[in-house]
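Undergrad: This is target-v7.tsv, which holds TSV, C-alpha atoms:
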chain	number	residue	atom	x	y	z
W	1	MET	CA	0.00	0.00	0.00
W	2	ALA	CA	1.36	3.37	-0.96
W	3	ASP	CA	0.84	6.14	1.58
W	4	ILE	CA	1.78	9.78	1.31
W	5	LYS	CA	2.00	11.46	4.71
W	6	PHE	CA	2.76	15.08	5.53
W	7	ASP	CA	2.15	17.56	8.32
W	8	ILE	CA	2.33	21.23	9.25
W	9	VAL	CA	5.28	22.30	11.37
W	10	ASN	CA	4.58	25.21	13.71
W	11	ASP	CA	8.01	26.86	13.81
W	12	ASP	CA	7.19	30.47	12.92
W	13	ILE	CA	4.31	31.61	15.14
W	14	THR	CA	3.30	35.22	14.69
W	15	PRO	CA	1.71	37.34	17.41
W	16	PHE	CA	-1.64	37.02	15.66
W	17	VAL	CA	-1.52	33.25	15.88
W	18	ARG	CA	-0.71	33.46	19.59
W	19	LYS	CA	-3.97	35.38	20.08
W	20	LEU	CA	-6.00	32.53	18.61
W	21	SER	CA	-7.56	30.02	20.92
W	22	SER	CA	-6.40	26.44	20.55
W	23	LYS	CA	-9.78	25.48	19.09
W	24	ASP	CA	-9.60	28.23	16.44
W	25	TRP	CA	-6.03	27.27	15.52
W	26	PHE	CA	-6.97	23.59	15.34
W	27	ASN	CA	-9.88	24.30	12.99
W	28	ILE	CA	-7.76	26.56	10.76
W	29	GLU	CA	-4.99	24.00	10.59
W	30	LYS	CA	-7.35	21.14	9.84
W	31	ARG	CA	-9.14	23.03	7.03
W	32	ALA	CA	-5.81	23.99	5.47
W	33	MET	CA	-4.49	20.44	5.69
W	34	ARG	CA	-7.67	19.13	4.10
W	35	LYS	CA	-7.00	21.36	1.06
W	36	GLY	CA	-3.55	19.82	0.64
W	37	VAL	CA	-4.87	16.28	1.06
W	38	ASN	CA	-7.58	16.89	-1.53
W	39	LYS	CA	-4.98	18.25	-3.98
W	40	LEU	CA	-2.90	15.08	-3.66
W	41	LYS	CA	-5.94	12.81	-3.76
W	42	ASN	CA	-7.28	14.42	-6.93
W	43	ASP	CA	-3.87	14.26	-8.57
W	44	ALA	CA	-3.51	10.55	-7.74
W	45	ARG	CA	-7.00	9.84	-9.09
W	46	ARG	CA	-6.21	11.77	-12.28
W	47	ARG	CA	-2.98	9.79	-12.76
W	48	PHE	CA	-4.79	6.50	-12.13
W	49	ARG	CA	-7.50	7.35	-14.66
W	50	SER	CA	-4.95	8.38	-17.29
W	51	SER	CA	-2.90	5.20	-16.87
W	52	LEU	CA	-5.91	2.87	-16.84
W	53	PRO	CA	-9.10	4.43	-18.29
W	54	ALA	CA	-11.28	1.46	-17.25
W	55	VAL	CA	-11.13	2.50	-13.58
W	56	ARG	CA	-13.89	5.06	-14.23
W	57	LYS	CA	-16.44	2.41	-15.13
W	58	GLN	CA	-18.76	0.80	-12.65
W	59	ASN	CA	-18.31	-2.95	-12.32
W	60	PRO	CA	-21.67	-4.66	-11.64
W	61	LYS	CA	-20.00	-6.95	-9.09
W	62	TYR	CA	-18.97	-4.06	-6.83
W	63	SER	CA	-20.69	-1.05	-5.29
W	64	ASP	CA	-17.97	1.47	-6.17
W	65	LYS	CA	-15.42	2.37	-8.81
W	66	MET	CA	-11.72	1.63	-8.54
W	67	THR	CA	-10.87	5.34	-8.41
W	68	ASP	CA	-12.75	5.45	-5.09
W	69	ALA	CA	-9.86	3.47	-3.59
W	70	ILE	CA	-7.71	6.59	-3.44
W	71	MET	CA	-8.72	8.24	-0.21
W	72	GLY	CA	-7.39	11.05	1.94
W	73	LYS	CA	-7.78	11.91	5.58
W	74	THR	CA	-6.62	14.46	8.10
W	75	PHE	CA	-5.96	13.48	11.68
W	76	VAL	CA	-4.33	14.74	14.85
W	77	SER	CA	-1.12	13.15	16.05
W	78	GLY	CA	0.16	14.68	19.24
W	79	LYS	CA	-0.10	18.44	18.74
W	80	ASN	CA	0.18	18.35	14.93
W	81	VAL	CA	-2.47	17.96	12.30
W	82	LYS	CA	-1.35	15.47	9.68
W	83	GLY	CA	-2.64	14.42	6.30
W	84	GLU	CA	-2.52	11.09	4.52
W	85	VAL	CA	-3.46	9.90	1.05
W	86	HIS	CA	-3.64	6.16	0.41
W	87	ASN	CA	-4.97	3.69	-2.12
W	88	ALA	CA	-6.23	0.98	0.23
W	89	GLY	CA	-9.91	1.62	-0.40
W	90	THR	CA	-12.59	0.55	2.04
W	91	ARG	CA	-13.31	-2.71	3.79
W	92	LYS	CA	-16.98	-2.85	2.88
W	93	LYS	CA	-18.13	-6.27	1.75
W	94	THR	CA	-19.41	-4.98	-1.60
W	95	SER	CA	-16.35	-2.81	-2.33
W	96	GLY	CA	-13.93	-3.65	-5.10
W	97	THR	CA	-11.42	-0.97	-4.29
W	98	TYR	CA	-8.87	-3.45	-2.98
W	99	ARG	CA	-7.96	-4.15	-6.62
W	100	ALA	CA	-6.32	-0.72	-6.99
W	101	ARG	CA	-3.31	-1.87	-4.96
W	102	PHE	CA	-2.41	-4.42	-7.60
W	103	TYR	CA	-2.32	-1.74	-10.28
W	104	GLU	CA	-0.04	0.45	-8.16
W	105	GLN	CA	2.73	-2.10	-7.61
W	106	GLY	CA	1.98	-4.65	-10.29
W	107	SER	CA	1.50	-8.34	-9.80
W	108	THR	CA	2.33	-11.63	-11.48
W	109	ARG	CA	-0.35	-14.23	-12.04
W	110	LYS	CA	0.45	-17.68	-13.35
W	111	LYS	CA	-2.69	-18.44	-15.35
W	112	ARG	CA	-3.80	-15.04	-16.66
W	113	GLY	CA	-0.56	-13.12	-17.05
W	114	SER	CA	0.78	-10.20	-15.09
W	115	ILE	CA	-0.59	-6.80	-14.16
W	116	PRO	CA	1.83	-3.96	-14.93
W	117	GLY	CA	2.69	-1.54	-12.13
W	118	PHE	CA	1.46	1.96	-12.96
W	119	HIS	CA	2.98	3.61	-9.85
W	120	TYR	CA	0.37	6.37	-9.81
W	121	MET	CA	0.78	6.96	-6.07
W	122	LYS	CA	4.57	7.02	-6.24
W	123	ASN	CA	4.42	9.59	-9.05
W	124	THR	CA	2.00	11.67	-6.99
W	125	GLU	CA	4.66	12.14	-4.29
W	126	ALA	CA	6.36	14.58	-6.67
W	127	LYS	CA	3.34	16.87	-6.19
W	128	LEU	CA	3.91	17.08	-2.43
W	129	ASP	CA	5.46	20.55	-2.76
W	130	ASP	CA	2.37	21.77	-4.64
W	131	ALA	CA	0.15	20.35	-1.90
W	132	MET	CA	2.15	22.10	0.81
W	133	GLN	CA	1.88	25.35	-1.16
W	134	LYS	CA	-1.89	24.81	-1.24
W	135	VAL	CA	-1.84	24.34	2.55
W	136	THR	CA	0.14	27.56	2.99
W	137	ASP	CA	-2.21	29.50	0.72
W	138	GLN	CA	-5.22	28.16	2.59
W	139	LEU	CA	-3.66	29.13	5.93
W	140	ASP	CA	-3.38	32.70	4.65
W	141	VAL	CA	-7.03	32.66	3.57
W	142	GLU	CA	-8.12	31.23	6.92
W	143	PHE	CA	-6.09	33.83	8.82
W	144	GLU	CA	-7.71	36.62	6.84
W	145	LYS	CA	-11.16	35.18	7.59
W	146	MET	CA	-10.32	34.96	11.28
W	147	ILE	CA	-9.03	38.55	11.34
W	148	ARG	CA	-12.30	39.78	9.84
W	149	LYS	CA	-14.40	37.55	12.10
W	150	LYS	CA	-12.67	38.33	15.39
W	151	GLY	CA	-11.65	41.90	14.59
W	152	TYR	CA	-7.98	41.44	15.40
W	153	ASP	CA	-5.76	44.34	14.51
W	154	GLY	CA	-2.51	42.55	15.28
Show the structure stored in the file as structure tokens.
TA:
Amino acid sequence: MADIKFDIVNDDITPFVRKLSSKDWFNIEKRAMRKGVNKLKNDARRRFRSSLPAVRKQNPKYSDKMTDAIMGKTFVSGKNVKGEVHNAGTRKKTSGTYRARFYEQGSTRKKRGSIPGFHYMKNTEAKLDDAMQKVTDQLDVEFEKMIRKKGYDG
């Protein structure tokens, strides 16, 4: 399973950020991280669709499409908000998303031939800088919203 993990490091804290309550900061950080996770998730899905166009189609045996296997989440680890994008899919009984893993790394089958590895998640790691830029931009937007909402002049 290919995972892409990243987090926000709170090294440079401005006086404005010190004025925020921990709940406000947590919500701002989580919304910003979600933007970065969605950027990576959408890029991985786009790469998967371009390498194997059949992943868009609904298979009657399963309740979802293979592109639904690429999922992202934000979570709290210690004092940091972290993001993760993976291609494990869900564990629902009717889900067929587990098949996406075989297309990421490739597989050899004796009777029916091999599945080539498309490495769509590994190639998405190159976009990590773009995702962090998206997080930074969203932090600026969230700070501006908070300044207007709370009336800080700081």
Undergrad: What is the atom CA of Tyr62 of chain W-atom CA of Lys93 of chain W distance in Å, reported with one decimal?
TA: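 So the two atoms, atom CA of Tyr62 of chain W and atom CA of Lys93 of chain W, lie 8.9 Å apart.
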Undergrad: At a cut-off of 12 Å, using only C-alpha atoms, what residues contact segment 43-49 of chain W? Leave out same-chain residues fewer than 6 positions from it and give the result as a PDB file with C-alpha atoms, in the frame of the given file.
TA:
ATOM      1  CA  ALA W   2       1.360   3.370  -0.960  1.00  0.00           C
ATOM      2  CA  ASP W   3       0.840   6.140   1.580  1.00  0.00           C
ATOM      3  CA  ILE W   4       1.780   9.780   1.310  1.00  0.00           C
ATOM      4  CA  GLY W  36      -3.550  19.820   0.640  1.00  0.00           C
ATOM      5  CA  VAL W  37      -4.870  16.280   1.060  1.00  0.00           C
ATOM      6  CA  VAL W  55     -11.130   2.500 -13.580  1.00  0.00           C
ATOM      7  CA  ARG W  56     -13.890   5.060 -14.230  1.00  0.00           C
ATOM      8  CA  LYS W  57     -16.440   2.410 -15.130  1.00  0.00           C
ATOM      9  CA  LYS W  65     -15.420   2.370  -8.810  1.00  0.00           C
ATOM     10  CA  MET W  66     -11.720   1.630  -8.540  1.00  0.00           C
ATOM     11  CA  THR W  67     -10.870   5.340  -8.410  1.00  0.00           C
ATOM     12  CA  ASP W  68     -12.750   5.450  -5.090  1.00  0.00           C
ATOM     13  CA  ALA W  69      -9.860   3.470  -3.590  1.00  0.00           C
ATOM     14  CA  ILE W  70      -7.710   6.590  -3.440  1.00  0.00           C
ATOM     15  CA  MET W  71      -8.720   8.240  -0.210  1.00  0.00           C
ATOM     16  CA  GLY W  72      -7.390  11.050   1.940  1.00  0.00           C
ATOM     17  CA  VAL W  85      -3.460   9.900   1.050  1.00  0.00           C
ATOM     18  CA  HIS W  86      -3.640   6.160   0.410  1.00  0.00           C
ATOM     19  CA  ASN W  87      -4.970   3.690  -2.120  1.00  0.00           C
ATOM     20  CA  ALA W 100      -6.320  -0.720  -6.990  1.00  0.00           C
ATOM     21  CA  ARG W 101      -3.310  -1.870  -4.960  1.00  0.00           C
ATOM     22  CA  TYR W 103      -2.320  -1.740 -10.280  1.00  0.00           C
ATOM     23  CA  GLU W 104      -0.040   0.450  -8.160  1.00  0.00           C
ATOM     24  CA  GLY W 117       2.690  -1.540 -12.130  1.00  0.00           C
ATOM     25  CA  PHE W 118       1.460   1.960 -12.960  1.00  0.00           C
ATOM     26  CA  HIS W 119       2.980   3.610  -9.850  1.00  0.00           C
ATOM     27  CA  TYR W 120       0.370   6.370  -9.810  1.00  0.00           C
ATOM     28  CA  MET W 121       0.780   6.960  -6.070  1.00  0.00           C
ATOM     29  CA  LYS W 122       4.570   7.020  -6.240  1.00  0.00           C
ATOM     30  CA  ASN W 123       4.420   9.590  -9.050  1.00  0.00           C
ATOM     31  CA  THR W 124       2.000  11.670  -6.990  1.00  0.00           C
ATOM     32  CA  GLU W 125       4.660  12.140  -4.290  1.00  0.00           C
ATOM     33  CA  ALA W 126       6.360  14.580  -6.670  1.00  0.00           C
ATOM     34  CA  LYS W 127       3.340  16.870  -6.190  1.00  0.00           C
ATOM     35  CA  LEU W 128       3.910  17.080  -2.430  1.00  0.00           C
ATOM     36  CA  ASP W 130       2.370  21.770  -4.640  1.00  0.00           C
ATOM     37  CA  ALA W 131       0.150  20.350  -1.900  1.00  0.00           C
TER      38      ALA W 131
END
Undergrad: Using only C-alpha atoms, list the residues that have an atom at most 12 Å from (-10.0, 22.2, 3.7), coordinates as in the file, as a ChimeraX atom specification.
TA: /W:27-39,72-74,83,131,134-139,141-142
Undergrad: Using atom CA of Lys61 of chain W and atom CA of Lys110 of chain W as the two end points, give the distance in Å to one decimal.
TA: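 Computing the Euclidean distance for atom CA of Lys61 of chain W and atom CA of Lys110 of chain W yields 23.5 Å.
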Undergrad: Looking at only C-alpha atoms, which of W:Met132, W:Ser22, W:Glu144, W:Thr94 is the one that sits closest to Lys82 of chain W?
TA: W:Met132
Undergrad: Got a sec: who's within 10 Å of Phe26 of chain W, counting only C-alpha atoms, leaving out chain neighbours fewer than 6 positions off, as a PyMOL selection string?
TA: chain W and resi 20+32+76+79-81
Undergrad: Which residue, W:Pro53, W:Ser107, W:Glu84, W:Lys19, has the smallest gap to Ile147 of chain W when you use all atoms listed in the file?
TA: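 Closest to Ile147 of chain W, using all atoms listed in the file: W:Lys19.
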Undergrad: Give me, please, the distance in Å between atom CA of Thr90 of chain W and atom CA of Ala54 of chain W, quoted to one decimal.
TA: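 We find that atom CA of Thr90 of chain W and atom CA of Ala54 of chain W lie 19.4 Å from each other.
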Undergrad: Which of these residues is nearest to Lys149 of chain W, using all atoms listed in the file: W:Asn42, W:Asp24, W:Ser50, W:Phe102?
TA: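 Among W:Asn42, W:Asp24, W:Ser50, W:Phe102, it is W:Asp24 that comes nearest to Lys149 of chain W.
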